[in-house]
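The file data-v1.txt contains compact mmCIF, all heavy atoms:
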```txt
# COMPACT_ATOMS: atom_id res chain seq x y z
N MET A 1 12.19 52.78 -2.23
CA MET A 1 10.94 52.47 -2.89
C MET A 1 10.21 53.77 -3.20
O MET A 1 9.61 54.37 -2.33
CB MET A 1 10.10 51.58 -1.97
CG MET A 1 8.68 51.42 -2.42
SD MET A 1 7.70 50.30 -1.43
CE MET A 1 7.52 51.20 0.09
N PRO A 2 10.28 54.24 -4.44
CA PRO A 2 9.54 55.44 -4.82
C PRO A 2 8.03 55.19 -4.80
O PRO A 2 7.56 54.15 -5.25
CB PRO A 2 10.01 55.73 -6.24
CG PRO A 2 11.30 55.00 -6.39
CD PRO A 2 11.17 53.80 -5.51
N ILE A 3 7.30 56.15 -4.25
CA ILE A 3 5.83 56.11 -4.25
C ILE A 3 5.35 57.38 -4.93
O ILE A 3 5.71 58.49 -4.51
CB ILE A 3 5.27 56.02 -2.82
CG1 ILE A 3 5.78 54.75 -2.13
CG2 ILE A 3 3.75 56.06 -2.85
CD1 ILE A 3 5.42 54.67 -0.66
N VAL A 4 4.55 57.23 -5.96
CA VAL A 4 4.02 58.36 -6.72
C VAL A 4 2.51 58.39 -6.52
O VAL A 4 1.83 57.39 -6.79
CB VAL A 4 4.36 58.23 -8.22
CG1 VAL A 4 3.80 59.40 -9.00
CG2 VAL A 4 5.85 58.08 -8.43
N ASN A 5 1.99 59.51 -6.05
CA ASN A 5 0.55 59.70 -5.90
C ASN A 5 0.06 60.65 -6.98
O ASN A 5 0.62 61.73 -7.17
CB ASN A 5 0.24 60.33 -4.53
CG ASN A 5 0.47 59.35 -3.42
OD1 ASN A 5 -0.28 58.41 -3.24
ND2 ASN A 5 1.54 59.55 -2.67
N ILE A 6 -0.99 60.24 -7.69
CA ILE A 6 -1.56 61.06 -8.75
C ILE A 6 -3.05 61.20 -8.49
O ILE A 6 -3.78 60.20 -8.39
CB ILE A 6 -1.33 60.43 -10.14
CG1 ILE A 6 0.18 60.26 -10.40
CG2 ILE A 6 -1.99 61.28 -11.24
CD1 ILE A 6 0.51 59.52 -11.67
N ASP A 7 -3.52 62.45 -8.38
CA ASP A 7 -4.94 62.73 -8.22
C ASP A 7 -5.50 63.12 -9.58
O ASP A 7 -4.93 63.96 -10.28
CB ASP A 7 -5.16 63.90 -7.25
CG ASP A 7 -4.74 63.53 -5.83
OD1 ASP A 7 -5.13 62.44 -5.37
OD2 ASP A 7 -4.04 64.32 -5.19
N LEU A 8 -6.62 62.50 -9.96
CA LEU A 8 -7.23 62.73 -11.26
C LEU A 8 -8.73 62.94 -11.11
O LEU A 8 -9.36 62.37 -10.22
CB LEU A 8 -7.06 61.50 -12.17
CG LEU A 8 -5.64 61.07 -12.52
CD1 LEU A 8 -5.67 59.64 -13.03
CD2 LEU A 8 -5.08 61.99 -13.57
N ILE A 9 -9.29 63.74 -12.02
CA ILE A 9 -10.73 63.78 -12.16
C ILE A 9 -11.14 62.50 -12.89
O ILE A 9 -10.52 62.12 -13.89
CB ILE A 9 -11.17 65.02 -12.98
CG1 ILE A 9 -10.70 66.31 -12.32
CG2 ILE A 9 -12.68 65.03 -13.18
CD1 ILE A 9 -11.28 66.58 -10.96
N ALA A 10 -12.14 61.81 -12.39
CA ALA A 10 -12.58 60.54 -12.99
C ALA A 10 -13.03 60.75 -14.43
O ALA A 10 -13.47 61.83 -14.81
CB ALA A 10 -13.73 59.97 -12.17
N GLY A 11 -12.89 59.69 -15.22
CA GLY A 11 -13.39 59.74 -16.59
C GLY A 11 -12.46 59.12 -17.62
O GLY A 11 -12.81 59.04 -18.78
N ARG A 12 -11.30 58.67 -17.18
CA ARG A 12 -10.37 58.05 -18.13
C ARG A 12 -10.62 56.55 -18.19
O ARG A 12 -11.07 55.95 -17.22
CB ARG A 12 -8.94 58.34 -17.71
CG ARG A 12 -8.58 59.80 -17.97
CD ARG A 12 -7.39 60.23 -17.15
NE ARG A 12 -7.13 61.65 -17.35
CZ ARG A 12 -7.74 62.62 -16.69
NH1 ARG A 12 -8.65 62.34 -15.79
NH2 ARG A 12 -7.47 63.88 -16.93
N SER A 13 -10.29 55.97 -19.31
CA SER A 13 -10.50 54.53 -19.48
C SER A 13 -9.43 53.74 -18.73
O SER A 13 -8.38 54.28 -18.35
CB SER A 13 -10.44 54.16 -20.97
OG SER A 13 -9.09 54.28 -21.44
N GLN A 14 -9.71 52.46 -18.53
CA GLN A 14 -8.73 51.58 -17.88
C GLN A 14 -7.44 51.54 -18.68
O GLN A 14 -6.35 51.51 -18.11
CB GLN A 14 -9.30 50.18 -17.71
CG GLN A 14 -10.33 50.07 -16.61
CD GLN A 14 -9.77 50.44 -15.25
OE1 GLN A 14 -10.17 51.44 -14.66
NE2 GLN A 14 -8.85 49.67 -14.75
N ASP A 15 -7.54 51.54 -20.00
CA ASP A 15 -6.35 51.53 -20.85
C ASP A 15 -5.51 52.80 -20.65
O ASP A 15 -4.29 52.73 -20.61
CB ASP A 15 -6.72 51.38 -22.32
CG ASP A 15 -7.21 49.99 -22.65
OD1 ASP A 15 -6.90 49.03 -21.90
OD2 ASP A 15 -7.90 49.83 -23.68
N GLN A 16 -6.18 53.95 -20.53
CA GLN A 16 -5.45 55.20 -20.29
C GLN A 16 -4.75 55.18 -18.94
O GLN A 16 -3.60 55.60 -18.84
CB GLN A 16 -6.41 56.39 -20.36
CG GLN A 16 -6.90 56.72 -21.75
CD GLN A 16 -7.95 57.80 -21.74
OE1 GLN A 16 -8.92 57.72 -20.98
NE2 GLN A 16 -7.77 58.81 -22.57
N LEU A 17 -5.44 54.69 -17.92
CA LEU A 17 -4.84 54.64 -16.60
C LEU A 17 -3.66 53.67 -16.56
O LEU A 17 -2.62 53.95 -15.96
CB LEU A 17 -5.89 54.25 -15.56
CG LEU A 17 -7.03 55.26 -15.38
CD1 LEU A 17 -8.09 54.68 -14.45
CD2 LEU A 17 -6.52 56.60 -14.87
N LYS A 18 -3.81 52.55 -17.21
CA LYS A 18 -2.72 51.56 -17.28
C LYS A 18 -1.50 52.16 -17.98
O LYS A 18 -0.37 52.01 -17.51
CB LYS A 18 -3.20 50.31 -18.01
CG LYS A 18 -2.16 49.22 -18.08
CD LYS A 18 -2.71 47.97 -18.76
CE LYS A 18 -1.63 46.91 -18.87
NZ LYS A 18 -2.11 45.70 -19.53
N ALA A 19 -1.73 52.85 -19.09
CA ALA A 19 -0.62 53.48 -19.82
C ALA A 19 0.05 54.56 -18.96
O ALA A 19 1.28 54.69 -18.98
CB ALA A 19 -1.12 54.08 -21.13
N LEU A 20 -0.74 55.31 -18.20
CA LEU A 20 -0.18 56.33 -17.31
C LEU A 20 0.74 55.69 -16.27
O LEU A 20 1.86 56.16 -16.05
CB LEU A 20 -1.31 57.10 -16.64
CG LEU A 20 -0.90 58.15 -15.60
CD1 LEU A 20 0.00 59.22 -16.22
CD2 LEU A 20 -2.14 58.76 -14.96
N VAL A 21 0.28 54.62 -15.65
CA VAL A 21 1.09 53.93 -14.65
C VAL A 21 2.38 53.41 -15.28
O VAL A 21 3.46 53.55 -14.71
CB VAL A 21 0.30 52.79 -13.98
CG1 VAL A 21 1.19 51.91 -13.14
CG2 VAL A 21 -0.84 53.36 -13.14
N GLN A 22 2.29 52.85 -16.46
CA GLN A 22 3.49 52.34 -17.15
C GLN A 22 4.47 53.47 -17.45
O GLN A 22 5.68 53.34 -17.21
CB GLN A 22 3.10 51.61 -18.43
CG GLN A 22 2.39 50.31 -18.18
CD GLN A 22 1.82 49.68 -19.45
OE1 GLN A 22 1.67 50.34 -20.49
NE2 GLN A 22 1.49 48.41 -19.36
N ASP A 23 3.96 54.59 -17.98
CA ASP A 23 4.83 55.71 -18.34
C ASP A 23 5.47 56.34 -17.11
O ASP A 23 6.66 56.70 -17.13
CB ASP A 23 4.06 56.77 -19.13
CG ASP A 23 3.68 56.31 -20.53
OD1 ASP A 23 4.18 55.27 -20.98
OD2 ASP A 23 2.87 57.01 -21.16
N VAL A 24 4.71 56.49 -16.04
CA VAL A 24 5.25 57.07 -14.80
C VAL A 24 6.32 56.14 -14.23
O VAL A 24 7.39 56.59 -13.81
CB VAL A 24 4.13 57.34 -13.78
CG1 VAL A 24 4.69 57.66 -12.41
CG2 VAL A 24 3.25 58.48 -14.27
N THR A 25 6.06 54.84 -14.23
CA THR A 25 7.04 53.88 -13.74
C THR A 25 8.33 53.96 -14.54
O THR A 25 9.42 53.98 -13.96
CB THR A 25 6.46 52.45 -13.79
OG1 THR A 25 5.30 52.41 -12.96
CG2 THR A 25 7.47 51.43 -13.31
N THR A 26 8.21 54.05 -15.84
CA THR A 26 9.40 54.17 -16.70
C THR A 26 10.18 55.44 -16.37
O THR A 26 11.41 55.41 -16.25
CB THR A 26 8.98 54.17 -18.18
OG1 THR A 26 8.34 52.92 -18.47
CG2 THR A 26 10.18 54.35 -19.09
N ALA A 27 9.49 56.55 -16.21
CA ALA A 27 10.16 57.82 -15.89
C ALA A 27 10.86 57.77 -14.54
O ALA A 27 12.00 58.23 -14.40
CB ALA A 27 9.16 58.97 -15.92
N VAL A 28 10.19 57.20 -13.55
CA VAL A 28 10.80 57.12 -12.21
C VAL A 28 12.02 56.20 -12.24
O VAL A 28 13.06 56.52 -11.67
CB VAL A 28 9.76 56.65 -11.17
CG1 VAL A 28 10.41 56.33 -9.84
CG2 VAL A 28 8.68 57.71 -10.99
N THR A 29 11.90 55.08 -12.91
CA THR A 29 13.02 54.14 -13.03
C THR A 29 14.21 54.80 -13.72
O THR A 29 15.34 54.71 -13.25
CB THR A 29 12.57 52.89 -13.80
OG1 THR A 29 11.53 52.26 -13.08
CG2 THR A 29 13.70 51.91 -13.98
N LYS A 30 13.94 55.49 -14.81
CA LYS A 30 15.00 56.16 -15.58
C LYS A 30 15.70 57.22 -14.74
O LYS A 30 16.92 57.34 -14.78
CB LYS A 30 14.39 56.80 -16.83
CG LYS A 30 15.36 57.62 -17.63
CD LYS A 30 14.67 58.32 -18.78
CE LYS A 30 15.61 59.32 -19.42
NZ LYS A 30 14.91 60.17 -20.39
N ASN A 31 14.95 57.99 -13.98
CA ASN A 31 15.51 59.15 -13.29
C ASN A 31 15.99 58.88 -11.87
O ASN A 31 16.69 59.73 -11.30
CB ASN A 31 14.49 60.29 -13.30
CG ASN A 31 14.33 60.85 -14.69
OD1 ASN A 31 15.20 61.54 -15.20
ND2 ASN A 31 13.22 60.54 -15.34
N THR A 32 15.60 57.74 -11.30
CA THR A 32 16.06 57.44 -9.94
C THR A 32 16.94 56.21 -9.86
O THR A 32 17.63 56.01 -8.86
CB THR A 32 14.87 57.21 -8.98
OG1 THR A 32 14.19 56.00 -9.36
CG2 THR A 32 13.92 58.38 -8.97
N GLY A 33 16.89 55.38 -10.87
CA GLY A 33 17.64 54.14 -10.84
C GLY A 33 16.95 53.04 -10.05
O GLY A 33 17.46 51.93 -9.94
N ALA A 34 15.76 53.33 -9.52
CA ALA A 34 15.01 52.31 -8.78
C ALA A 34 14.48 51.26 -9.76
O ALA A 34 14.04 51.61 -10.85
CB ALA A 34 13.84 52.94 -8.03
N PRO A 35 14.52 50.00 -9.37
CA PRO A 35 13.95 48.98 -10.26
C PRO A 35 12.44 49.14 -10.35
O PRO A 35 11.78 49.54 -9.38
CB PRO A 35 14.34 47.65 -9.59
CG PRO A 35 14.80 47.98 -8.23
CD PRO A 35 15.13 49.45 -8.18
N ALA A 36 11.89 48.81 -11.50
CA ALA A 36 10.46 49.00 -11.74
C ALA A 36 9.60 48.28 -10.70
O ALA A 36 8.55 48.79 -10.30
CB ALA A 36 10.10 48.52 -13.14
N GLU A 37 10.06 47.13 -10.23
CA GLU A 37 9.25 46.38 -9.26
C GLU A 37 9.17 47.06 -7.90
O GLU A 37 8.37 46.67 -7.05
CB GLU A 37 9.75 44.94 -9.11
CG GLU A 37 11.17 44.81 -8.67
CD GLU A 37 12.18 44.76 -9.82
OE1 GLU A 37 11.84 45.12 -10.96
OE2 GLU A 37 13.33 44.38 -9.54
N HIS A 38 9.96 48.11 -7.71
CA HIS A 38 9.92 48.86 -6.45
C HIS A 38 9.16 50.18 -6.57
O HIS A 38 9.02 50.90 -5.59
CB HIS A 38 11.33 49.13 -5.94
CG HIS A 38 12.04 47.90 -5.49
ND1 HIS A 38 13.37 47.90 -5.16
CD2 HIS A 38 11.61 46.62 -5.31
CE1 HIS A 38 13.73 46.69 -4.80
NE2 HIS A 38 12.66 45.89 -4.89
N VAL A 39 8.70 50.51 -7.77
CA VAL A 39 7.99 51.76 -7.99
C VAL A 39 6.49 51.52 -7.77
O VAL A 39 5.90 50.65 -8.41
CB VAL A 39 8.24 52.30 -9.42
CG1 VAL A 39 7.44 53.56 -9.67
CG2 VAL A 39 9.72 52.55 -9.63
N HIS A 40 5.91 52.30 -6.88
CA HIS A 40 4.49 52.20 -6.59
C HIS A 40 3.81 53.46 -7.12
O HIS A 40 4.24 54.57 -6.80
CB HIS A 40 4.25 52.11 -5.08
CG HIS A 40 4.82 50.86 -4.49
ND1 HIS A 40 4.03 49.87 -3.99
CD2 HIS A 40 6.10 50.44 -4.33
CE1 HIS A 40 4.80 48.90 -3.54
NE2 HIS A 40 6.06 49.22 -3.73
N VAL A 41 2.75 53.29 -7.90
CA VAL A 41 1.98 54.41 -8.44
C VAL A 41 0.56 54.28 -7.91
O VAL A 41 -0.09 53.25 -8.12
CB VAL A 41 1.99 54.44 -9.98
CG1 VAL A 41 1.18 55.61 -10.50
CG2 VAL A 41 3.43 54.49 -10.50
N ILE A 42 0.10 55.31 -7.21
CA ILE A 42 -1.24 55.31 -6.64
C ILE A 42 -2.08 56.33 -7.38
O ILE A 42 -1.74 57.52 -7.42
CB ILE A 42 -1.18 55.66 -5.14
CG1 ILE A 42 -0.32 54.62 -4.41
CG2 ILE A 42 -2.58 55.74 -4.56
CD1 ILE A 42 0.06 55.04 -3.00
N LEU A 43 -3.16 55.87 -7.99
CA LEU A 43 -4.08 56.75 -8.70
C LEU A 43 -5.31 56.95 -7.83
O LEU A 43 -5.92 55.99 -7.37
CB LEU A 43 -4.50 56.13 -10.04
CG LEU A 43 -3.37 55.79 -11.01
CD1 LEU A 43 -3.96 55.12 -12.25
CD2 LEU A 43 -2.57 57.00 -11.37
N ARG A 44 -5.65 58.20 -7.62
CA ARG A 44 -6.86 58.54 -6.86
C ARG A 44 -7.76 59.35 -7.77
O ARG A 44 -7.39 60.44 -8.21
CB ARG A 44 -6.51 59.32 -5.60
CG ARG A 44 -5.76 58.48 -4.59
CD ARG A 44 -5.49 59.25 -3.34
NE ARG A 44 -4.58 60.35 -3.66
CZ ARG A 44 -3.72 60.85 -2.79
NH1 ARG A 44 -3.65 60.40 -1.58
NH2 ARG A 44 -2.93 61.85 -3.15
N GLU A 45 -8.93 58.80 -8.05
CA GLU A 45 -9.89 59.48 -8.92
C GLU A 45 -10.98 60.13 -8.08
O GLU A 45 -11.46 59.54 -7.12
CB GLU A 45 -10.52 58.50 -9.90
CG GLU A 45 -9.53 57.95 -10.91
CD GLU A 45 -10.21 57.08 -11.92
OE1 GLU A 45 -10.67 55.99 -11.53
OE2 GLU A 45 -10.30 57.50 -13.08
N MET A 46 -11.34 61.33 -8.46
CA MET A 46 -12.43 62.02 -7.77
C MET A 46 -13.47 62.44 -8.79
O MET A 46 -13.17 62.61 -9.97
CB MET A 46 -11.90 63.23 -7.00
CG MET A 46 -11.26 64.30 -7.85
SD MET A 46 -10.50 65.55 -6.84
CE MET A 46 -8.81 65.35 -7.35
N GLN A 47 -14.68 62.57 -8.32
CA GLN A 47 -15.78 63.01 -9.18
C GLN A 47 -15.61 64.50 -9.49
O GLN A 47 -15.12 65.26 -8.65
CB GLN A 47 -17.11 62.75 -8.50
CG GLN A 47 -17.39 61.28 -8.27
CD GLN A 47 -17.31 60.48 -9.55
OE1 GLN A 47 -17.89 60.83 -10.57
NE2 GLN A 47 -16.58 59.37 -9.51
N PRO A 48 -16.02 64.93 -10.68
CA PRO A 48 -15.87 66.33 -11.05
C PRO A 48 -16.54 67.30 -10.08
O PRO A 48 -16.05 68.42 -9.88
CB PRO A 48 -16.52 66.42 -12.43
CG PRO A 48 -16.43 65.03 -12.97
CD PRO A 48 -16.53 64.12 -11.78
N ASN A 49 -17.61 66.88 -9.43
CA ASN A 49 -18.29 67.78 -8.50
C ASN A 49 -17.63 67.80 -7.12
O ASN A 49 -18.14 68.42 -6.20
CB ASN A 49 -19.77 67.40 -8.38
CG ASN A 49 -19.99 66.03 -7.76
OD1 ASN A 49 -19.05 65.24 -7.66
ND2 ASN A 49 -21.21 65.74 -7.40
N ARG A 50 -16.48 67.16 -6.98
CA ARG A 50 -15.73 67.15 -5.73
C ARG A 50 -14.41 67.91 -5.88
O ARG A 50 -13.47 67.70 -5.14
CB ARG A 50 -15.43 65.71 -5.30
CG ARG A 50 -16.64 64.89 -5.04
CD ARG A 50 -17.32 65.33 -3.77
NE ARG A 50 -18.38 64.42 -3.38
CZ ARG A 50 -19.65 64.75 -3.32
NH1 ARG A 50 -20.02 65.98 -3.63
NH2 ARG A 50 -20.57 63.88 -2.96
N TYR A 51 -14.38 68.82 -6.82
CA TYR A 51 -13.15 69.55 -7.15
C TYR A 51 -13.49 70.99 -7.45
O TYR A 51 -14.50 71.28 -8.09
CB TYR A 51 -12.50 68.88 -8.39
CG TYR A 51 -11.28 69.57 -8.90
CD1 TYR A 51 -10.05 69.37 -8.31
CD2 TYR A 51 -11.34 70.42 -10.00
CE1 TYR A 51 -8.91 69.99 -8.78
CE2 TYR A 51 -10.21 71.04 -10.48
CZ TYR A 51 -9.00 70.82 -9.88
OH TYR A 51 -7.88 71.44 -10.35
N GLY A 52 -12.69 71.91 -6.97
CA GLY A 52 -12.95 73.31 -7.24
C GLY A 52 -11.67 74.10 -7.50
O GLY A 52 -10.60 73.71 -7.05
N VAL A 53 -11.81 75.18 -8.22
CA VAL A 53 -10.69 76.08 -8.51
C VAL A 53 -11.17 77.50 -8.23
O VAL A 53 -12.27 77.89 -8.65
CB VAL A 53 -10.23 75.97 -9.98
CG1 VAL A 53 -9.14 76.99 -10.28
CG2 VAL A 53 -9.74 74.56 -10.27
N ALA A 54 -10.38 78.29 -7.52
CA ALA A 54 -10.68 79.69 -7.23
C ALA A 54 -12.03 79.87 -6.54
O ALA A 54 -12.78 80.79 -6.84
CB ALA A 54 -10.59 80.53 -8.50
N GLY A 55 -12.34 78.93 -5.66
CA GLY A 55 -13.57 79.04 -4.89
C GLY A 55 -14.82 78.56 -5.60
O GLY A 55 -15.92 78.67 -5.08
N VAL A 56 -14.68 78.03 -6.79
CA VAL A 56 -15.82 77.56 -7.57
C VAL A 56 -15.75 76.06 -7.73
O VAL A 56 -14.72 75.51 -8.04
CB VAL A 56 -15.87 78.22 -8.97
CG1 VAL A 56 -17.07 77.73 -9.76
CG2 VAL A 56 -15.91 79.73 -8.82
```
For the structure just supplied, provide its representation as structure tokens.
Amino acid sequence: MPIVNIDLIAGRSQDQLKALVQDVTTAVTKNTGAPAEHVHVILREMQPNRYGVAGV
């Protein structure tokens, strides 16, 4: 059972997130042979002020 975790900055639409899950599921299925019903995609959204790069 493949599990894919994706961390994102919040701000994408439900349609964008749905398409992302579909595309990731397709890629995992294609490259691992796992059936789509066994692929789990976890999206974690964070607020922009909860993210930093290079100490900022």
Report task. From chain A, collect each residue whose DSSP state is alpha helix (DSSP H) and return the set as number ranges by chain. Result -> A: 14-32
Query raised in the report: Just asking: which residues within chain A are strand (DSSP E or B) according to DSSP, as a list in words?
Result: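 Filtering chain A to strand (DSSP E or B) leaves Ile3, Val4, Asn5, Ile6, Asp7, Leu8, Ile9, His40, Val41, Ile42, Leu43, Arg44, Glu45 and Met46 of chain A.
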Query raised in the report: For Leu20 (chain A), which residue out of A:Leu43, A:Asp7, A:Val56, A:Gly33 is the nearest one, using all atoms listed in the file?
Result: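 Using all atoms listed in the file, Leu20 (chain A) sits closest to A:Leu43.
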**Report entry** Near-Asn5 (chain A) list (6 Å; all atoms listed in the file; drop same-chain fewer than 5 positions) as number ranges by chain
**Finding:** A: 40-44
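Note that the spacing between CD of Lys18 (chain A) and CD of Pro35 (chain A) amounts to 20.8 Å.
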